[in-house]
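Enquirer: Structure provided below as structure tokens; questions to follow.
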Amino acid sequence: MFDALSTSLLLGLFTIAALVIAVGGTRMTGMADRLADRTGFGEALVGGVLLGAATSLSGTLVSLTSALDGRASLAFSNGIGGIAAQTAFLAVADLIYRRANLEHAAADLANVFQASLLIVMLGIPLLAWATPEYAILGLHPGSFAILAIYIAGVRASHRLRQDPTWEPVDTHETQLDEPDEPATSDNTTWGLALTFGTLMLFTGVSGYVIAKSAGVLVDRWGISASVIGALATAVVTSLPELVTTLAAVRRGALQLAVGGIIGGNTFDMLFLTVSDAGYRDGSLYHAIGRADLFWLVVGLLMTSVMMLGLLHRQEKGIGNIGWESVSMLTIYVGAILIAALTPLAV
């Protein structure tokens with residue numbers, strides 16, 4: 001179907017799908033904040049799990065569709081490239097929040113734990129790539145490990161929310177996670193959840209359209225699937241994270257903003273498990289190239305810097321943002337230049 005469409009029509013569909021994802025992501029932010037208040041789970045946990053999963057649905061379908069089409073590099077780089085892009089979005093949010101360094105003001109144990117979890121999960125694909133190709137029920141053991149770590153991490157995050165083992169020191173710039181929804185509301189909790197789910201469905205369908213359009217454009221233009229995945233589909237399907245993060249900062253829901261990015265990144269690691277299941281020509285981790293591994297290392301490096309920033313909690317820095325935001329933006333821009341100007345892009 002998509003192969004028969006003209007290039008201009010494909011670009012039009014790609015753009016429309018991107019707009020649907022951006023608008024849907026904006027609406028989901030406010031709903032997630034209200035659900036966090038109503039359920040008592042807190043902004044960091046709801047941002048890291050519910051909002052992270054919801055805004056990542058379109059990217060999940062991009063990776064799965066690409067894997068089913070036999071496009072291993074596009075499937076892999078879409079997920080990993082999204083992690084790098086979304087981490088850079090956190091630095092953009094820090095630029096907008098002018099009172100203090102965002103990582104300082106949004107101090108929360110759940111976010112620190114989720115960032116640590118993400119670093120562990122990013123090491124699994126490297127380990128899988130470096131070990132012999134092996135499959136259990138059609139999946140590489142690394143795919144099972146990623147899924148198991150994610151599930152265990154979500155459960156541990158909830159336990160930490162209920163019974164924290166330590167708490168960050170409050171300062172005059174720390175923004176606490178306090179329920180701010182009025183006592184009366186025009187939506188029941190179930191009605192709010194239903195609307196949230198409907199928006200998830202629309203963004204998911206948009207992700208499918210983007211995957212199919214991008215696959216055809218890769219073939220027609222002869223551009224590296226890794227470049228398209230890391231710098232086109234990954235950025236577009238990450239628009240909900242950008243929109244929701246900026247909207248959450250404007251609402252003052254800082255834990256939700258940071259948790260949405262980190263949670264979206266941990267959820268994006270499940271793209272690899274889903275893609276490995278959809279890729280039928282062997283192990284996904286043994287079908288990728290050097291360019292895909294490059295973006296994996298970039299994501300790992302940026303996440304490590306973000307983790308250090310969450311722990312260091314610099315209150316103010318250059319341009320009123322933290323050193324970690326400056327470093328993350330520098331790493332991401334440098335990675336784009338390297339990918340575009342070196343043989344990695346081929």
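Chain lettering (A, B, ...) mirrors the order of the structure tokens, residue numbering begins at 1 for each chain separately, and ligand numbering begins at 1 in order of display.
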Extract, using only C-alpha atoms, all DNA, RNA and protein residues at most 12 Å from Ile16 (chain A), discarding same-chain residues fewer than 4 positions from it, and format them as a short mmCIF file (atom, residue, chain, number, x, y, z; two decimals) with N, CA and C atoms, in the first residue's frame.

Expert:
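For reference, out20.cif as written:
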```cif
data_model
loop_
_atom_site.label_atom_id
_atom_site.label_comp_id
_atom_site.auth_asym_id
_atom_site.auth_seq_id
_atom_site.Cartn_x
_atom_site.Cartn_y
_atom_site.Cartn_z
N LEU A 9 3.19 12.46 -1.13
CA LEU A 9 2.09 11.98 -0.30
C LEU A 9 2.63 11.28 0.96
N LEU A 10 3.72 10.55 0.81
CA LEU A 10 4.34 9.90 1.96
C LEU A 10 4.82 10.94 2.97
N LEU A 11 5.44 12.00 2.46
CA LEU A 11 5.90 13.06 3.35
C LEU A 11 4.73 13.75 4.04
N GLY A 12 3.61 13.89 3.31
CA GLY A 12 2.42 14.49 3.90
C GLY A 12 1.86 13.64 5.02
N VAL A 20 -0.31 14.63 14.91
CA VAL A 20 -1.22 13.89 15.79
C VAL A 20 -0.50 13.47 17.06
N ILE A 21 0.73 12.99 16.91
CA ILE A 21 1.52 12.57 18.07
C ILE A 21 1.80 13.75 18.99
N ALA A 22 2.13 14.91 18.41
CA ALA A 22 2.44 16.09 19.22
C ALA A 22 1.21 16.59 19.98
N VAL A 23 0.06 16.66 19.31
CA VAL A 23 -1.17 17.15 19.96
C VAL A 23 -1.64 16.16 21.02
N PHE A 202 -4.68 6.78 19.16
CA PHE A 202 -4.41 7.66 18.02
C PHE A 202 -2.90 7.84 17.79
N THR A 203 -2.15 8.01 18.87
CA THR A 203 -0.71 8.16 18.70
C THR A 203 -0.08 6.86 18.22
N VAL A 205 -1.51 4.56 16.20
CA VAL A 205 -1.78 4.45 14.75
C VAL A 205 -0.85 5.38 13.97
N SER A 206 -0.61 6.55 14.52
CA SER A 206 0.30 7.50 13.87
C SER A 206 1.71 6.92 13.79
N GLY A 207 2.11 6.19 14.82
CA GLY A 207 3.42 5.54 14.80
C GLY A 207 3.53 4.52 13.69
N VAL A 209 1.93 4.59 10.82
CA VAL A 209 2.03 5.36 9.56
C VAL A 209 3.46 5.87 9.36
N ILE A 210 4.07 6.35 10.43
CA ILE A 210 5.44 6.86 10.34
C ILE A 210 6.40 5.75 9.97
N SER A 213 5.92 4.81 6.24
CA SER A 213 6.39 5.90 5.38
C SER A 213 7.92 5.96 5.38
N VAL A 236 10.71 12.13 15.78
CA VAL A 236 9.29 12.38 15.58
C VAL A 236 8.45 11.63 16.60
#
```

Enquirer: Just want the 9 Å neighbourhood of region 217-231 of chain A, counted on only C-alpha atoms, with same-chain residues fewer than 4 positions away dropped. Output as a PyMOL selection string.

Expert: chain A and resi 7+10-11+71-82+84-85+212-213+235-236+288-289+291-292+295+336+339-340+344-346

Enquirer: Please determine, counting only C-alpha atoms, which residue among A:Ser58, A:Ser304, A:Gln255, A:Ser283 has the shortest atom-to-atom distance to Gly70 (chain A).

Expert: A:Ser283

Enquirer: Please return as a PDB file with C-alpha atoms, in the first residue's frame: the residues of region 99-300 of chain A that backbone DSSP assigns to alpha helix (DSSP H).

Expert:
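After the write, result_19.pdb holds the following:
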```
ATOM      1  CA  LEU A 102      15.566  21.376  36.748  1.00  0.00           C
ATOM      2  CA  GLU A 103      17.342  18.293  38.126  1.00  0.00           C
ATOM      3  CA  HIS A 104      17.813  20.166  41.414  1.00  0.00           C
ATOM      4  CA  ALA A 105      14.219  21.340  41.735  1.00  0.00           C
ATOM      5  CA  LEU A 109      14.045   9.058  44.603  1.00  0.00           C
ATOM      6  CA  ALA A 110      11.916   7.370  41.926  1.00  0.00           C
ATOM      7  CA  ASN A 111      13.675   9.333  39.165  1.00  0.00           C
ATOM      8  CA  VAL A 112      17.120   8.497  40.517  1.00  0.00           C
ATOM      9  CA  PHE A 113      16.201   4.823  40.691  1.00  0.00           C
ATOM     10  CA  GLN A 114      14.720   4.806  37.166  1.00  0.00           C
ATOM     11  CA  ALA A 115      17.852   6.443  35.744  1.00  0.00           C
ATOM     12  CA  SER A 116      20.032   3.804  37.410  1.00  0.00           C
ATOM     13  CA  LEU A 117      17.760   1.101  36.017  1.00  0.00           C
ATOM     14  CA  LEU A 118      18.082   2.548  32.513  1.00  0.00           C
ATOM     15  CA  ILE A 119      21.882   2.414  32.664  1.00  0.00           C
ATOM     16  CA  VAL A 120      21.686  -1.290  33.510  1.00  0.00           C
ATOM     17  CA  MET A 121      19.206  -1.939  30.693  1.00  0.00           C
ATOM     18  CA  LEU A 122      21.352  -0.106  28.130  1.00  0.00           C
ATOM     19  CA  GLY A 123      24.198  -2.500  28.880  1.00  0.00           C
ATOM     20  CA  ILE A 124      22.145  -5.576  27.900  1.00  0.00           C
ATOM     21  CA  PRO A 125      22.143  -4.992  24.099  1.00  0.00           C
ATOM     22  CA  LEU A 126      25.928  -4.501  24.158  1.00  0.00           C
ATOM     23  CA  LEU A 127      26.305  -7.769  26.044  1.00  0.00           C
ATOM     24  CA  ALA A 128      23.940  -9.522  23.624  1.00  0.00           C
ATOM     25  CA  TRP A 129      25.847  -8.214  20.595  1.00  0.00           C
ATOM     26  CA  ALA A 130      29.189  -9.381  22.044  1.00  0.00           C
ATOM     27  CA  PRO A 141      18.095 -14.151  26.142  1.00  0.00           C
ATOM     28  CA  GLY A 142      18.943 -10.439  26.265  1.00  0.00           C
ATOM     29  CA  SER A 143      15.374  -9.608  25.230  1.00  0.00           C
ATOM     30  CA  PHE A 144      14.002 -11.616  28.140  1.00  0.00           C
ATOM     31  CA  ALA A 145      16.469  -9.890  30.471  1.00  0.00           C
ATOM     32  CA  ILE A 146      15.342  -6.410  29.352  1.00  0.00           C
ATOM     33  CA  LEU A 147      11.690  -7.303  29.977  1.00  0.00           C
ATOM     34  CA  ALA A 148      12.411  -8.879  33.361  1.00  0.00           C
ATOM     35  CA  ILE A 149      14.513  -5.910  34.514  1.00  0.00           C
ATOM     36  CA  TYR A 150      11.803  -3.465  33.455  1.00  0.00           C
ATOM     37  CA  ILE A 151       9.039  -5.314  35.338  1.00  0.00           C
ATOM     38  CA  ALA A 152      11.180  -5.689  38.444  1.00  0.00           C
ATOM     39  CA  GLY A 153      12.161  -2.027  38.228  1.00  0.00           C
ATOM     40  CA  VAL A 154       8.536  -0.832  38.066  1.00  0.00           C
ATOM     41  CA  ARG A 155       7.653  -2.870  41.128  1.00  0.00           C
ATOM     42  CA  ALA A 156      10.712  -1.632  43.007  1.00  0.00           C
ATOM     43  CA  SER A 157       9.885   1.985  42.077  1.00  0.00           C
ATOM     44  CA  HIS A 158       6.430   1.615  43.578  1.00  0.00           C
ATOM     45  CA  ARG A 159       7.868   0.151  46.790  1.00  0.00           C
ATOM     46  CA  LEU A 160      10.349   3.024  47.029  1.00  0.00           C
ATOM     47  CA  ARG A 161       7.470   5.471  46.624  1.00  0.00           C
ATOM     48  CA  GLN A 162       5.615   3.859  49.521  1.00  0.00           C
ATOM     49  CA  THR A 189     -11.264   8.727  37.192  1.00  0.00           C
ATOM     50  CA  TRP A 190     -12.457   6.021  34.810  1.00  0.00           C
ATOM     51  CA  GLY A 191     -13.604   8.626  32.268  1.00  0.00           C
ATOM     52  CA  LEU A 192     -10.235  10.331  32.487  1.00  0.00           C
ATOM     53  CA  ALA A 193      -8.467   7.004  31.997  1.00  0.00           C
ATOM     54  CA  LEU A 194     -10.690   6.194  28.979  1.00  0.00           C
ATOM     55  CA  THR A 195      -9.862   9.487  27.297  1.00  0.00           C
ATOM     56  CA  PHE A 196      -6.198   8.899  28.045  1.00  0.00           C
ATOM     57  CA  GLY A 197      -6.424   5.452  26.413  1.00  0.00           C
ATOM     58  CA  THR A 198      -8.146   6.876  23.317  1.00  0.00           C
ATOM     59  CA  LEU A 199      -5.328   9.371  22.822  1.00  0.00           C
ATOM     60  CA  MET A 200      -2.836   6.512  23.198  1.00  0.00           C
ATOM     61  CA  LEU A 201      -4.629   4.677  20.373  1.00  0.00           C
ATOM     62  CA  PHE A 202      -4.405   7.658  18.016  1.00  0.00           C
ATOM     63  CA  THR A 203      -0.708   8.163  18.697  1.00  0.00           C
ATOM     64  CA  GLY A 204      -0.124   4.445  18.179  1.00  0.00           C
ATOM     65  CA  VAL A 205      -1.776   4.454  14.754  1.00  0.00           C
ATOM     66  CA  SER A 206       0.303   7.496  13.866  1.00  0.00           C
ATOM     67  CA  GLY A 207       3.419   5.541  14.803  1.00  0.00           C
ATOM     68  CA  TYR A 208       2.457   2.798  12.355  1.00  0.00           C
ATOM     69  CA  VAL A 209       2.031   5.356   9.562  1.00  0.00           C
ATOM     70  CA  ILE A 210       5.437   6.856  10.342  1.00  0.00           C
ATOM     71  CA  ALA A 211       7.123   3.438  10.277  1.00  0.00           C
ATOM     72  CA  LYS A 212       5.679   2.480   6.921  1.00  0.00           C
ATOM     73  CA  SER A 213       6.394   5.897   5.376  1.00  0.00           C
ATOM     74  CA  ALA A 214       9.970   5.947   6.683  1.00  0.00           C
ATOM     75  CA  GLY A 215      10.680   2.441   5.379  1.00  0.00           C
ATOM     76  CA  VAL A 216       9.643   3.369   1.853  1.00  0.00           C
ATOM     77  CA  LEU A 217      11.588   6.647   1.971  1.00  0.00           C
ATOM     78  CA  VAL A 218      14.739   4.788   3.087  1.00  0.00           C
ATOM     79  CA  ASP A 219      14.507   2.606  -0.013  1.00  0.00           C
ATOM     80  CA  ARG A 220      13.755   5.455  -2.399  1.00  0.00           C
ATOM     81  CA  TRP A 221      16.378   7.884  -1.127  1.00  0.00           C
ATOM     82  CA  ALA A 225      18.298   3.152   7.953  1.00  0.00           C
ATOM     83  CA  SER A 226      20.293   3.886  11.107  1.00  0.00           C
ATOM     84  CA  VAL A 227      20.345   7.615  10.357  1.00  0.00           C
ATOM     85  CA  ILE A 228      16.633   7.663   9.530  1.00  0.00           C
ATOM     86  CA  ALA A 234      13.095   8.490  16.732  1.00  0.00           C
ATOM     87  CA  VAL A 235      12.799  12.274  17.038  1.00  0.00           C
ATOM     88  CA  VAL A 236       9.287  12.380  15.575  1.00  0.00           C
ATOM     89  CA  THR A 237       7.949   9.576  17.769  1.00  0.00           C
ATOM     90  CA  LEU A 239       7.677  14.487  20.176  1.00  0.00           C
ATOM     91  CA  PRO A 240       5.153  13.474  22.878  1.00  0.00           C
ATOM     92  CA  GLU A 241       8.001  13.344  25.390  1.00  0.00           C
ATOM     93  CA  LEU A 242       9.133  16.836  24.356  1.00  0.00           C
ATOM     94  CA  VAL A 243       5.615  18.256  24.405  1.00  0.00           C
ATOM     95  CA  THR A 244       4.624  16.569  27.670  1.00  0.00           C
ATOM     96  CA  THR A 245       7.879  17.559  29.360  1.00  0.00           C
ATOM     97  CA  LEU A 246       7.554  21.223  28.435  1.00  0.00           C
ATOM     98  CA  ALA A 247       3.861  21.236  29.353  1.00  0.00           C
ATOM     99  CA  ALA A 248       4.610  19.590  32.709  1.00  0.00           C
ATOM    100  CA  VAL A 249       7.276  22.212  33.457  1.00  0.00           C
ATOM    101  CA  ARG A 250       4.778  24.992  32.702  1.00  0.00           C
ATOM    102  CA  ARG A 251       2.274  23.319  35.071  1.00  0.00           C
ATOM    103  CA  LEU A 254       8.569  18.988  37.718  1.00  0.00           C
ATOM    104  CA  GLN A 255       8.756  15.388  38.958  1.00  0.00           C
ATOM    105  CA  LEU A 256       6.302  14.445  36.212  1.00  0.00           C
ATOM    106  CA  ALA A 257       8.462  16.206  33.617  1.00  0.00           C
ATOM    107  CA  VAL A 258      11.679  14.450  34.607  1.00  0.00           C
ATOM    108  CA  GLY A 259       9.939  11.149  35.337  1.00  0.00           C
ATOM    109  CA  GLY A 260       8.212  11.207  31.947  1.00  0.00           C
ATOM    110  CA  ILE A 261      11.547  11.426  30.145  1.00  0.00           C
ATOM    111  CA  ILE A 262      13.326   8.803  32.227  1.00  0.00           C
ATOM    112  CA  GLY A 263      10.304   6.511  32.267  1.00  0.00           C
ATOM    113  CA  GLY A 264       9.848   6.931  28.523  1.00  0.00           C
ATOM    114  CA  ASN A 265      13.479   5.963  28.034  1.00  0.00           C
ATOM    115  CA  THR A 266      13.208   2.828  30.168  1.00  0.00           C
ATOM    116  CA  PHE A 267      10.018   1.873  28.336  1.00  0.00           C
ATOM    117  CA  ASP A 268      11.767   2.464  25.012  1.00  0.00           C
ATOM    118  CA  LEU A 270      11.220  -2.681  25.494  1.00  0.00           C
ATOM    119  CA  PHE A 271      11.265  -1.681  21.813  1.00  0.00           C
ATOM    120  CA  LEU A 272      14.228  -4.026  21.486  1.00  0.00           C
ATOM    121  CA  THR A 273      12.358  -6.971  23.006  1.00  0.00           C
ATOM    122  CA  VAL A 274       9.365  -6.323  20.767  1.00  0.00           C
ATOM    123  CA  SER A 275      11.599  -5.847  17.717  1.00  0.00           C
ATOM    124  CA  ASP A 276      13.541  -9.027  18.443  1.00  0.00           C
ATOM    125  CA  ALA A 277      10.239 -10.896  18.544  1.00  0.00           C
ATOM    126  CA  GLY A 278       9.168  -9.368  15.239  1.00  0.00           C
ATOM    127  CA  ARG A 290      28.355  -0.076  13.884  1.00  0.00           C
ATOM    128  CA  ALA A 291      26.125   2.981  13.453  1.00  0.00           C
ATOM    129  CA  ASP A 292      23.440   1.379  15.630  1.00  0.00           C
ATOM    130  CA  LEU A 293      25.963   0.565  18.346  1.00  0.00           C
ATOM    131  CA  PHE A 294      27.207   4.152  18.133  1.00  0.00           C
ATOM    132  CA  TRP A 295      23.774   5.490  19.125  1.00  0.00           C
ATOM    133  CA  LEU A 296      23.530   2.898  21.873  1.00  0.00           C
ATOM    134  CA  VAL A 297      26.766   4.191  23.407  1.00  0.00           C
ATOM    135  CA  VAL A 298      25.571   7.791  22.988  1.00  0.00           C
ATOM    136  CA  GLY A 299      22.378   6.963  24.881  1.00  0.00           C
ATOM    137  CA  LEU A 300      24.362   5.229  27.610  1.00  0.00           C
TER     138      LEU A 300
END
```

Enquirer: Please determine, counting only C-alpha atoms, which residue among A:Leu19, A:Leu284, A:Met269, A:Leu35 has the shortest atom-to-atom distance to Ala67 (chain A).

Expert: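 Closest to Ala67 (chain A) of all the choices is A:Leu284.
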
Enquirer: For each of A:Met328, A:Gly282, A:Thr342, A:Thr131, take the minimum atom-to-atom distance to Gln86 (chain A), counting only C-alpha atoms, then give the residue where this is smallest.

Expert: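 Nearest to Gln86 (chain A): A:Met328.
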
Enquirer: How many Å separate CA of Glu133 (chain A) from CA of Asp281 (chain A)?

Expert: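 Straight-line distance from CA of Glu133 (chain A) to CA of Asp281 (chain A) works out to 11.8 Å.
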
Enquirer: Quote the spacing between CA of Leu57 (chain A) and CA of Leu311 (chain A) in Å to one decimal place.

Expert: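 Distance between the two atoms: 29.5 Å.
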